[in-house]
Every structure is written in C-alpha cells, then in structure tokens.
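So the structure is just underneath, and the comments pick up after that.
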Amino acid sequence: MHEYEIVYIFRSSLTSEEIDGKLERFHALLTEQTGQISAVEHWGKRQLAYPIGKERNGHYVVAQFEVEPASLPEFERLLKLDEDLLRYLIVLSEGELPLPPSMRTDMRTETARGERPPESGPDGGGEPEAEVKSEPETESEPETEPEAETEPEAESEPEPETEPEPEPETEPEPEEEKD
Amino acid sequence: MAMLKKVCKLCERSIRQVNYKDEHLLSRFVTDRGKILPRRATGSCARHQRQIATAIKRARYLALLPYIRDYQ
C-alpha cells in the first residue's frame, strides 16, 4: 500500500453534482478492494495558466488515497476515458494535507509567521520580490546590510510563544549541514 | 553572478518539502517569462533547488504555472 495524491482538473462547465458523481465513480474503483480515500479537497473553479484544449478555466479537486500500486493502471485507464477530465496528476503523497482553495497566499504567510515569527516576517515581505523581479547587483548589496542589522533586533525580542530555544537560528543550521 | 552569498530562503523558513500546489511560493523561483531561476540567482540550497524544479514542472503540467508567460 502506498499513499498517493491526485489532482483532477475537470471541465469548468460541469456542475458540482456532475463532478461529485464522477469522483464517486473514480473512487469507487479504488475503494473496491483495499484502497482508502483519506481526503478530498475541492479548490473550485480556477483560471488555467494556459488554455488546455479550448478551456480557459478548470475545476480543481485534490484527493489523497492509499491503495495498492497494482490497481493504479486500471484507475488511470478509467480517468483517461473521461472526456470531461481535462487533466490529472497522480504523485506519491508527501504527507501534507491538500491546501485549501483560494486561501493559499494567506496560508503561506500564516504558516511562515506561525512557525518563526521574528525572522521570516521581514524576509518573506520585501526581499524575495526584489530578487525575482530585478537583479541589479548594486541594489542587492545595500539591501542585505540593513537586513542583517534588523535581524538581531528581531531575535532579541522576547516571543510570547512558548519556545524553549533562545536562538531561533539554531533550526536552519542542521538542515544546511545535511545538504 | 557576483551576487552575495545567500542563505536558502526555504531553509530559512524551515520548509521541508516544496509543495507543487503552492504556486505563489513557486512563482518566486521563476523569471517573469516563466523559466526556472538558477540557484545562483535565488541562492537555494541543492536539495531545495531540486524540489523547486520538480514542483515547478508539476505545477506547469497542472496549469498552475505557465510554461511560457506572455508569449505572443
């Protein structure tokens, strides 16, 4: 048994009842034997980054399931027969829950701040955007200097959360060593 | 090229696994045309760069990210 994750993209003209019906049919094949569906998350209608066929929008559904690898080929055959399923992707689950539909931007910042408020707050805001958009070397130098100054300030702030570690910097270091 | 030595942004945030469904995070690691940025531009560590590349390719397949942006 392996845990998988599947993303479906349905034609956006389908009603939610039709989609539910299709999902039920697909998942029935998985649960028929020993499989198990652990989570189904509807993202709803979303604009595609590029048109697939003539469709510009798609209805996204993410599901996690546990099933014998041997039953996947038959499952995929069923998926391919469905004309209203624009696309699907099955990957081994990375153990994360599917992200909610449109909350993803908020989710990202919330989790980042929730885990390590002092450091990731300023970093997540200004620095990355400047890196992606403009790559002038002259600008990046003065940028990093004030950042280094702000960091110790942020660290010295006592956190209301119950973190036993006095220095938040101890966390990222072991990861770098692994690489 | 001659950029300052940067710490991997994802290591800083202690993100263990890059999620291909998080296109807002991934969009930081592509150019405005949609190409994957090299490590020398982002400062990502090797492990995260591999994860980023895989995640971006998956996200492209799922039309979460464009293969090419603004192509006329």
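Ordering of the structure tokens sets the chain letters (A, B, ...); residue numbers start at 1 within each chain; ligands are numbered from 1 in the order shown.
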Proximal residues of chain B relative to chain A (only C-alpha atoms; 8 Å) as a PDB file with all heavy atoms, in the first residue's frame:
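Contents of the output file part.pdb:
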```
ATOM      1  N   ALA B   2      28.046  37.738  -9.622  1.00  0.00           N
ATOM      2  CA  ALA B   2      28.799  38.090  -8.426  1.00  0.00           C
ATOM      3  C   ALA B   2      27.869  38.562  -7.317  1.00  0.00           C
ATOM      4  O   ALA B   2      28.052  39.622  -6.749  1.00  0.00           O
ATOM      5  CB  ALA B   2      29.815  39.183  -8.764  1.00  0.00           C
ATOM      6  N   MET B   3      26.832  37.757  -7.061  1.00  0.00           N
ATOM      7  CA  MET B   3      25.902  38.153  -6.010  1.00  0.00           C
ATOM      8  C   MET B   3      26.451  37.716  -4.660  1.00  0.00           C
ATOM      9  O   MET B   3      27.309  36.843  -4.580  1.00  0.00           O
ATOM     10  CB  MET B   3      24.552  37.504  -6.239  1.00  0.00           C
ATOM     11  CG  MET B   3      23.902  37.979  -7.513  1.00  0.00           C
ATOM     12  SD  MET B   3      22.182  37.528  -7.574  1.00  0.00           S
ATOM     13  CE  MET B   3      21.489  38.692  -6.436  1.00  0.00           C
ATOM     14  N   LEU B   4      25.917  38.310  -3.650  1.00  0.00           N
ATOM     15  CA  LEU B   4      26.365  37.950  -2.319  1.00  0.00           C
ATOM     16  C   LEU B   4      25.903  36.546  -1.986  1.00  0.00           C
ATOM     17  O   LEU B   4      24.884  36.079  -2.469  1.00  0.00           O
ATOM     18  CB  LEU B   4      25.764  38.931  -1.295  1.00  0.00           C
ATOM     19  CG  LEU B   4      26.380  40.321  -1.278  1.00  0.00           C
ATOM     20  CD1 LEU B   4      25.640  41.201  -0.305  1.00  0.00           C
ATOM     21  CD2 LEU B   4      27.845  40.246  -0.905  1.00  0.00           C
ATOM     22  N   CYS B  11      15.255  27.090   3.421  1.00  0.00           N
ATOM     23  CA  CYS B  11      15.861  26.607   4.661  1.00  0.00           C
ATOM     24  C   CYS B  11      15.569  27.587   5.795  1.00  0.00           C
ATOM     25  O   CYS B  11      15.252  27.199   6.908  1.00  0.00           O
ATOM     26  CB  CYS B  11      17.372  26.461   4.497  1.00  0.00           C
ATOM     27  SG  CYS B  11      17.859  25.020   3.529  1.00  0.00           S
ATOM     28  N   GLU B  12      15.643  28.870   5.451  1.00  0.00           N
ATOM     29  CA  GLU B  12      15.377  29.892   6.459  1.00  0.00           C
ATOM     30  C   GLU B  12      13.990  29.733   7.046  1.00  0.00           C
ATOM     31  O   GLU B  12      13.771  29.931   8.229  1.00  0.00           O
ATOM     32  CB  GLU B  12      15.472  31.276   5.812  1.00  0.00           C
ATOM     33  CG  GLU B  12      16.852  31.865   5.839  1.00  0.00           C
ATOM     34  CD  GLU B  12      16.872  33.244   5.215  1.00  0.00           C
ATOM     35  OE1 GLU B  12      15.847  33.648   4.638  1.00  0.00           O
ATOM     36  OE2 GLU B  12      17.916  33.890   5.296  1.00  0.00           O
ATOM     37  N   ARG B  13      13.055  29.392   6.176  1.00  0.00           N
ATOM     38  CA  ARG B  13      11.677  29.250   6.624  1.00  0.00           C
ATOM     39  C   ARG B  13      11.395  27.849   7.142  1.00  0.00           C
ATOM     40  O   ARG B  13      10.264  27.522   7.462  1.00  0.00           O
ATOM     41  CB  ARG B  13      10.755  29.502   5.438  1.00  0.00           C
ATOM     42  CG  ARG B  13      10.827  30.920   4.960  1.00  0.00           C
ATOM     43  CD  ARG B  13       9.451  31.401   4.893  1.00  0.00           C
ATOM     44  NE  ARG B  13       9.128  32.105   3.692  1.00  0.00           N
ATOM     45  CZ  ARG B  13       8.053  31.817   2.979  1.00  0.00           C
ATOM     46  NH1 ARG B  13       7.322  30.773   3.263  1.00  0.00           N
ATOM     47  NH2 ARG B  13       7.727  32.560   1.987  1.00  0.00           N
ATOM     48  N   SER B  14      12.421  27.012   7.112  1.00  0.00           N
ATOM     49  CA  SER B  14      12.312  25.611   7.524  1.00  0.00           C
ATOM     50  C   SER B  14      11.159  24.904   6.826  1.00  0.00           C
ATOM     51  O   SER B  14      10.309  24.269   7.438  1.00  0.00           O
ATOM     52  CB  SER B  14      12.188  25.470   9.044  1.00  0.00           C
ATOM     53  OG  SER B  14      11.054  26.127   9.522  1.00  0.00           O
ATOM     54  N   GLN B  17       9.485  20.286   2.613  1.00  0.00           N
ATOM     55  CA  GLN B  17       9.114  19.757   1.310  1.00  0.00           C
ATOM     56  C   GLN B  17       8.421  20.854   0.518  1.00  0.00           C
ATOM     57  O   GLN B  17       7.469  21.458   1.002  1.00  0.00           O
ATOM     58  CB  GLN B  17       8.168  18.561   1.504  1.00  0.00           C
ATOM     59  CG  GLN B  17       7.779  17.857   0.228  1.00  0.00           C
ATOM     60  CD  GLN B  17       8.926  17.066  -0.345  1.00  0.00           C
ATOM     61  OE1 GLN B  17       9.675  16.428   0.373  1.00  0.00           O
ATOM     62  NE2 GLN B  17       9.095  17.125  -1.655  1.00  0.00           N
ATOM     63  N   LYS B  21       1.630  22.484  -5.302  1.00  0.00           N
ATOM     64  CA  LYS B  21       0.340  23.172  -5.387  1.00  0.00           C
ATOM     65  C   LYS B  21       0.430  24.617  -4.917  1.00  0.00           C
ATOM     66  O   LYS B  21      -0.505  25.370  -5.055  1.00  0.00           O
ATOM     67  CB  LYS B  21      -0.703  22.419  -4.548  1.00  0.00           C
ATOM     68  CG  LYS B  21      -0.926  21.006  -5.036  1.00  0.00           C
ATOM     69  CD  LYS B  21      -2.040  20.305  -4.324  1.00  0.00           C
ATOM     70  CE  LYS B  21      -1.732  20.013  -2.868  1.00  0.00           C
ATOM     71  NZ  LYS B  21      -0.536  19.186  -2.673  1.00  0.00           N
ATOM     72  N   ASP B  22       1.559  24.986  -4.347  1.00  0.00           N
ATOM     73  CA  ASP B  22       1.738  26.340  -3.818  1.00  0.00           C
ATOM     74  C   ASP B  22       2.372  27.215  -4.887  1.00  0.00           C
ATOM     75  O   ASP B  22       3.560  27.497  -4.860  1.00  0.00           O
ATOM     76  CB  ASP B  22       2.625  26.271  -2.577  1.00  0.00           C
ATOM     77  CG  ASP B  22       2.649  27.592  -1.833  1.00  0.00           C
ATOM     78  OD1 ASP B  22       2.069  28.571  -2.352  1.00  0.00           O
ATOM     79  OD2 ASP B  22       3.238  27.638  -0.757  1.00  0.00           O
ATOM     80  N   HIS B  24       2.143  30.279  -5.512  1.00  0.00           N
ATOM     81  CA  HIS B  24       2.632  31.606  -5.106  1.00  0.00           C
ATOM     82  C   HIS B  24       4.079  31.525  -4.630  1.00  0.00           C
ATOM     83  O   HIS B  24       4.885  32.396  -4.915  1.00  0.00           O
ATOM     84  CB  HIS B  24       1.744  32.184  -4.010  1.00  0.00           C
ATOM     85  CG  HIS B  24       0.423  32.625  -4.517  1.00  0.00           C
ATOM     86  ND1 HIS B  24       0.245  33.822  -5.161  1.00  0.00           N
ATOM     87  CD2 HIS B  24      -0.778  32.009  -4.523  1.00  0.00           C
ATOM     88  CE1 HIS B  24      -1.012  33.929  -5.524  1.00  0.00           C
ATOM     89  NE2 HIS B  24      -1.652  32.838  -5.149  1.00  0.00           N
ATOM     90  N   LEU B  25       4.357  30.455  -3.906  1.00  0.00           N
ATOM     91  CA  LEU B  25       5.743  30.263  -3.477  1.00  0.00           C
ATOM     92  C   LEU B  25       6.626  29.969  -4.684  1.00  0.00           C
ATOM     93  O   LEU B  25       7.706  30.542  -4.838  1.00  0.00           O
ATOM     94  CB  LEU B  25       5.803  29.105  -2.481  1.00  0.00           C
ATOM     95  CG  LEU B  25       7.197  28.702  -2.005  1.00  0.00           C
ATOM     96  CD1 LEU B  25       7.796  29.791  -1.146  1.00  0.00           C
ATOM     97  CD2 LEU B  25       7.144  27.407  -1.232  1.00  0.00           C
ATOM     98  N   ARG B  28       8.044  32.646  -7.164  1.00  0.00           N
ATOM     99  CA  ARG B  28       9.233  33.429  -6.815  1.00  0.00           C
ATOM    100  C   ARG B  28      10.487  32.836  -7.437  1.00  0.00           C
ATOM    101  O   ARG B  28      11.534  33.478  -7.478  1.00  0.00           O
ATOM    102  CB  ARG B  28       9.443  33.394  -5.306  1.00  0.00           C
ATOM    103  CG  ARG B  28       8.335  34.026  -4.560  1.00  0.00           C
ATOM    104  CD  ARG B  28       8.934  34.748  -3.420  1.00  0.00           C
ATOM    105  NE  ARG B  28       8.034  34.792  -2.302  1.00  0.00           N
ATOM    106  CZ  ARG B  28       8.390  34.424  -1.090  1.00  0.00           C
ATOM    107  NH1 ARG B  28       9.592  33.954  -0.880  1.00  0.00           N
ATOM    108  NH2 ARG B  28       7.549  34.533  -0.109  1.00  0.00           N
ATOM    109  N   PHE B  29      10.397  31.595  -7.854  1.00  0.00           N
ATOM    110  CA  PHE B  29      11.590  30.918  -8.360  1.00  0.00           C
ATOM    111  C   PHE B  29      11.565  30.774  -9.872  1.00  0.00           C
ATOM    112  O   PHE B  29      12.276  29.958 -10.428  1.00  0.00           O
ATOM    113  CB  PHE B  29      11.727  29.547  -7.689  1.00  0.00           C
ATOM    114  CG  PHE B  29      11.951  29.657  -6.204  1.00  0.00           C
ATOM    115  CD1 PHE B  29      10.903  29.534  -5.313  1.00  0.00           C
ATOM    116  CD2 PHE B  29      13.214  29.923  -5.706  1.00  0.00           C
ATOM    117  CE1 PHE B  29      11.108  29.657  -3.955  1.00  0.00           C
ATOM    118  CE2 PHE B  29      13.429  30.046  -4.350  1.00  0.00           C
ATOM    119  CZ  PHE B  29      12.370  29.921  -3.472  1.00  0.00           C
ATOM    120  N   VAL B  30      10.717  31.558 -10.523  1.00  0.00           N
ATOM    121  CA  VAL B  30      10.712  31.582 -11.982  1.00  0.00           C
ATOM    122  C   VAL B  30      10.894  33.027 -12.438  1.00  0.00           C
ATOM    123  O   VAL B  30      10.604  33.969 -11.698  1.00  0.00           O
ATOM    124  CB  VAL B  30       9.399  31.003 -12.575  1.00  0.00           C
ATOM    125  CG1 VAL B  30       9.256  29.537 -12.243  1.00  0.00           C
ATOM    126  CG2 VAL B  30       8.200  31.786 -12.120  1.00  0.00           C
ATOM    127  N   THR B  31      11.382  33.192 -13.672  1.00  0.00           N
ATOM    128  CA  THR B  31      11.528  34.532 -14.219  1.00  0.00           C
ATOM    129  C   THR B  31      10.151  35.060 -14.608  1.00  0.00           C
ATOM    130  O   THR B  31       9.153  34.332 -14.542  1.00  0.00           O
ATOM    131  CB  THR B  31      12.410  34.513 -15.479  1.00  0.00           C
ATOM    132  OG1 THR B  31      11.727  33.759 -16.483  1.00  0.00           O
ATOM    133  CG2 THR B  31      13.741  33.867 -15.205  1.00  0.00           C
ATOM    134  N   ASP B  32      10.103  36.310 -15.048  1.00  0.00           N
ATOM    135  CA  ASP B  32       8.799  36.851 -15.449  1.00  0.00           C
ATOM    136  C   ASP B  32       8.302  36.178 -16.724  1.00  0.00           C
ATOM    137  O   ASP B  32       7.142  36.319 -17.075  1.00  0.00           O
ATOM    138  CB  ASP B  32       8.866  38.378 -15.606  1.00  0.00           C
ATOM    139  CG  ASP B  32      10.029  38.819 -16.454  1.00  0.00           C
ATOM    140  OD1 ASP B  32      10.744  37.938 -16.963  1.00  0.00           O
ATOM    141  OD2 ASP B  32      10.234  40.033 -16.598  1.00  0.00           O
ATOM    142  N   ALA B  41      20.896  32.653  -8.833  1.00  0.00           N
ATOM    143  CA  ALA B  41      20.024  33.819  -8.703  1.00  0.00           C
ATOM    144  C   ALA B  41      19.207  33.780  -7.422  1.00  0.00           C
ATOM    145  O   ALA B  41      18.904  34.819  -6.849  1.00  0.00           O
ATOM    146  CB  ALA B  41      19.091  33.901  -9.905  1.00  0.00           C
ATOM    147  N   THR B  42      18.827  32.605  -6.992  1.00  0.00           N
ATOM    148  CA  THR B  42      17.955  32.519  -5.829  1.00  0.00           C
ATOM    149  C   THR B  42      18.704  32.181  -4.555  1.00  0.00           C
ATOM    150  O   THR B  42      18.202  32.417  -3.463  1.00  0.00           O
ATOM    151  CB  THR B  42      16.877  31.447  -6.035  1.00  0.00           C
ATOM    152  OG1 THR B  42      17.521  30.187  -6.244  1.00  0.00           O
ATOM    153  CG2 THR B  42      16.020  31.772  -7.234  1.00  0.00           C
ATOM    154  N   CYS B  45      19.563  26.117  -1.714  1.00  0.00           N
ATOM    155  CA  CYS B  45      20.483  25.010  -1.487  1.00  0.00           C
ATOM    156  C   CYS B  45      20.149  23.909  -2.482  1.00  0.00           C
ATOM    157  O   CYS B  45      19.110  23.924  -3.133  1.00  0.00           O
ATOM    158  CB  CYS B  45      20.371  24.491  -0.061  1.00  0.00           C
ATOM    159  SG  CYS B  45      18.804  23.695   0.280  1.00  0.00           S
ATOM    160  N   ALA B  46      21.033  22.936  -2.590  1.00  0.00           N
ATOM    161  CA  ALA B  46      20.885  21.921  -3.639  1.00  0.00           C
ATOM    162  C   ALA B  46      19.596  21.141  -3.485  1.00  0.00           C
ATOM    163  O   ALA B  46      18.868  20.908  -4.446  1.00  0.00           O
ATOM    164  CB  ALA B  46      22.076  20.970  -3.598  1.00  0.00           C
ATOM    165  N   ARG B  47      19.320  20.746  -2.261  1.00  0.00           N
ATOM    166  CA  ARG B  47      18.139  19.913  -2.069  1.00  0.00           C
ATOM    167  C   ARG B  47      16.862  20.682  -2.413  1.00  0.00           C
ATOM    168  O   ARG B  47      15.983  20.170  -3.094  1.00  0.00           O
ATOM    169  CB  ARG B  47      18.064  19.448  -0.617  1.00  0.00           C
ATOM    170  CG  ARG B  47      16.906  18.513  -0.385  1.00  0.00           C
ATOM    171  CD  ARG B  47      16.416  18.617   1.025  1.00  0.00           C
ATOM    172  NE  ARG B  47      17.252  17.848   1.929  1.00  0.00           N
ATOM    173  CZ  ARG B  47      17.119  17.923   3.258  1.00  0.00           C
ATOM    174  NH1 ARG B  47      16.227  18.732   3.788  1.00  0.00           N
ATOM    175  NH2 ARG B  47      17.885  17.229   4.031  1.00  0.00           N
ATOM    176  N   LEU B  62      -0.097  21.057 -14.380  1.00  0.00           N
ATOM    177  CA  LEU B  62      -1.441  21.268 -13.856  1.00  0.00           C
ATOM    178  C   LEU B  62      -1.969  22.664 -14.167  1.00  0.00           C
ATOM    179  O   LEU B  62      -2.985  23.074 -13.603  1.00  0.00           O
ATOM    180  CB  LEU B  62      -1.450  21.044 -12.338  1.00  0.00           C
ATOM    181  CG  LEU B  62      -1.290  19.598 -11.900  1.00  0.00           C
ATOM    182  CD1 LEU B  62      -1.095  19.521 -10.404  1.00  0.00           C
ATOM    183  CD2 LEU B  62      -2.495  18.791 -12.319  1.00  0.00           C
ATOM    184  N   ALA B  63      -1.292  23.387 -15.027  1.00  0.00           N
ATOM    185  CA  ALA B  63      -1.723  24.723 -15.442  1.00  0.00           C
ATOM    186  C   ALA B  63      -1.835  25.686 -14.259  1.00  0.00           C
ATOM    187  O   ALA B  63      -2.609  26.622 -14.266  1.00  0.00           O
ATOM    188  CB  ALA B  63      -3.046  24.674 -16.209  1.00  0.00           C
ATOM    189  N   LEU B  64      -1.055  25.419 -13.207  1.00  0.00           N
ATOM    190  CA  LEU B  64      -0.981  26.371 -12.097  1.00  0.00           C
ATOM    191  C   LEU B  64       0.050  27.437 -12.413  1.00  0.00           C
ATOM    192  O   LEU B  64      -0.061  28.579 -11.986  1.00  0.00           O
ATOM    193  CB  LEU B  64      -0.598  25.659 -10.802  1.00  0.00           C
ATOM    194  CG  LEU B  64      -1.556  24.576 -10.315  1.00  0.00           C
ATOM    195  CD1 LEU B  64      -0.969  23.862  -9.113  1.00  0.00           C
ATOM    196  CD2 LEU B  64      -2.894  25.175  -9.966  1.00  0.00           C
ATOM    197  N   LEU B  65       1.071  27.034 -13.159  1.00  0.00           N
ATOM    198  CA  LEU B  65       2.088  27.963 -13.628  1.00  0.00           C
ATOM    199  C   LEU B  65       2.168  27.829 -15.147  1.00  0.00           C
ATOM    200  O   LEU B  65       1.938  26.748 -15.680  1.00  0.00           O
ATOM    201  CB  LEU B  65       3.463  27.612 -13.039  1.00  0.00           C
ATOM    202  CG  LEU B  65       3.729  27.893 -11.574  1.00  0.00           C
ATOM    203  CD1 LEU B  65       5.139  27.463 -11.226  1.00  0.00           C
ATOM    204  CD2 LEU B  65       3.539  29.354 -11.252  1.00  0.00           C
ATOM    205  N   PRO B  66       2.494  28.900 -15.839  1.00  0.00           N
ATOM    206  CA  PRO B  66       2.610  28.803 -17.292  1.00  0.00           C
ATOM    207  C   PRO B  66       3.959  28.207 -17.697  1.00  0.00           C
ATOM    208  O   PRO B  66       4.948  28.350 -16.982  1.00  0.00           O
ATOM    209  CB  PRO B  66       2.498  30.254 -17.752  1.00  0.00           C
ATOM    210  CG  PRO B  66       3.052  31.033 -16.613  1.00  0.00           C
ATOM    211  CD  PRO B  66       2.714  30.270 -15.362  1.00  0.00           C
TER     212      PRO B  66
END
```
In Å, rounded to a single decimal, give me how far CA of Ile56 in chain B is from CA of Leu30 in chain A.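 For CA of Leu30 in chain A relative to CA of Ile56 in chain B, the distance reads 28.2 Å.
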Separation of CA of Tyr4 in chain A from CA of Leu26 in chain B, in Å and rounded to one decimal: 21.6 Å
Record the distance separating CA of Leu23 in chain A and CA of Gly53 in chain A, expressed in Å with one decimal.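 Computing it gives 21.8 Å between the two atoms.
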